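Working notes, beginning with the structure itself.
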Amino acid sequence: MDLLDPLPHGVVLEAEDHTADLLAWLSTHAGPGPHMFTCHVSDGAHDPLEVVAEVELGKNAMRAMSMEITALSLMLSFARAAKAEGSVIMRSFTFETDPDSGLPIKIVRGWAIVEGVLRPLTATEIMKASRTDPRTGDSLPPEPAVEYVDSHDPFEQ
């Protein structure tokens, strides 16, 4: 499906409900503290869409640090409704300090979007993707104070 084609109303409503459930799951399972989401969506025919959203997760609540959370919600809904491809990367900022760099440790996890459905990535997959230049395919140096972890399927019981 071309990202510019209109989508049936029922498909859009289902995608919005799905995204609301996904964001609710993240707000209760991602852990408290600041998190940054980077989402890319593409149909292969157009330049990919990208949004970055920062949120603060508390006990069973999500507080947007910027208006981009609305854009993230719309992008995830759109990806699902259009059966698009893409990715979601979540960087969680901890209060622990890396002894080697002195920087706060970031926990990085991610999901591939395959035909509009989130597929959890393993720590190895997300590390490889994070250390590869998307334009050239060249290897990038490791980022200091980063831990890569396996992602989970938010809709798996």
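Each chain of the structure tokens is named A, B, ... in the order shown, its residues numbered from 1; ligands are numbered from 1 in display order.
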
Quick one: residues within 8 Å of Ile105 of chain A, only C-alpha atoms, excluding same-chain residues fewer than 5 positions away - as a PDB file with N, CA, C and O atoms, in the first residue's frame?
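Result file is part_29.pdb:
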```
ATOM      1  N   PHE A  93      16.786   6.199  30.065  1.00  0.00           N
ATOM      2  CA  PHE A  93      17.901   6.840  30.760  1.00  0.00           C
ATOM      3  C   PHE A  93      17.849   6.463  32.239  1.00  0.00           C
ATOM      4  O   PHE A  93      16.848   6.678  32.904  1.00  0.00           O
ATOM      5  N   THR A  94      18.930   5.879  32.715  1.00  0.00           N
ATOM      6  CA  THR A  94      18.980   5.432  34.108  1.00  0.00           C
ATOM      7  C   THR A  94      19.695   6.478  34.959  1.00  0.00           C
ATOM      8  O   THR A  94      20.253   7.447  34.444  1.00  0.00           O
ATOM      9  N   PHE A  95      19.672   6.261  36.254  1.00  0.00           N
ATOM     10  CA  PHE A  95      20.381   7.140  37.175  1.00  0.00           C
ATOM     11  C   PHE A  95      21.728   6.541  37.567  1.00  0.00           C
ATOM     12  O   PHE A  95      22.439   7.098  38.380  1.00  0.00           O
ATOM     13  N   GLU A  96      22.071   5.390  36.941  1.00  0.00           N
ATOM     14  CA  GLU A  96      23.364   4.751  37.182  1.00  0.00           C
ATOM     15  C   GLU A  96      24.416   5.381  36.274  1.00  0.00           C
ATOM     16  O   GLU A  96      24.108   5.827  35.174  1.00  0.00           O
ATOM     17  N   THR A  97      25.644   5.380  36.730  1.00  0.00           N
ATOM     18  CA  THR A  97      26.749   5.972  35.967  1.00  0.00           C
ATOM     19  C   THR A  97      27.691   4.879  35.488  1.00  0.00           C
ATOM     20  O   THR A  97      28.046   3.970  36.249  1.00  0.00           O
ATOM     21  N   ASP A  98      28.077   4.966  34.228  1.00  0.00           N
ATOM     22  CA  ASP A  98      29.047   4.047  33.660  1.00  0.00           C
ATOM     23  C   ASP A  98      30.418   4.369  34.250  1.00  0.00           C
ATOM     24  O   ASP A  98      30.881   5.508  34.153  1.00  0.00           O
ATOM     25  N   ALA A 145      28.474   3.961  27.449  1.00  0.00           N
ATOM     26  CA  ALA A 145      27.442   3.909  28.487  1.00  0.00           C
ATOM     27  C   ALA A 145      26.088   3.435  27.970  1.00  0.00           C
ATOM     28  O   ALA A 145      25.043   3.905  28.404  1.00  0.00           O
ATOM     29  N   VAL A 146      26.100   2.489  27.020  1.00  0.00           N
ATOM     30  CA  VAL A 146      24.857   1.952  26.469  1.00  0.00           C
ATOM     31  C   VAL A 146      24.800   0.449  26.709  1.00  0.00           C
ATOM     32  O   VAL A 146      25.771  -0.263  26.483  1.00  0.00           O
ATOM     33  N   GLU A 147      23.652  -0.007  27.188  1.00  0.00           N
ATOM     34  CA  GLU A 147      23.376  -1.437  27.337  1.00  0.00           C
ATOM     35  C   GLU A 147      22.214  -1.779  26.413  1.00  0.00           C
ATOM     36  O   GLU A 147      21.186  -1.108  26.432  1.00  0.00           O
TER      37      GLU A 147
END
```

With only C-alpha atoms as the counted atoms, please give the residues lying no more than 9 Å from segment 71-78 of chain A, apart from itself and same-chain residues fewer than 2 positions off, as a PyMOL selection string. chain A and resi 3+12-20+23+37-41+49-53+67-69+80-84+88+116

Taking 5 positions as the minimum chain separation for residues in the same chain, which residues sit within 10 Å of segment 130-140 of chain A when counting only C-alpha atoms? Answer as an NGL selection string. :A and (89 or 108 or 124-125 or 148)
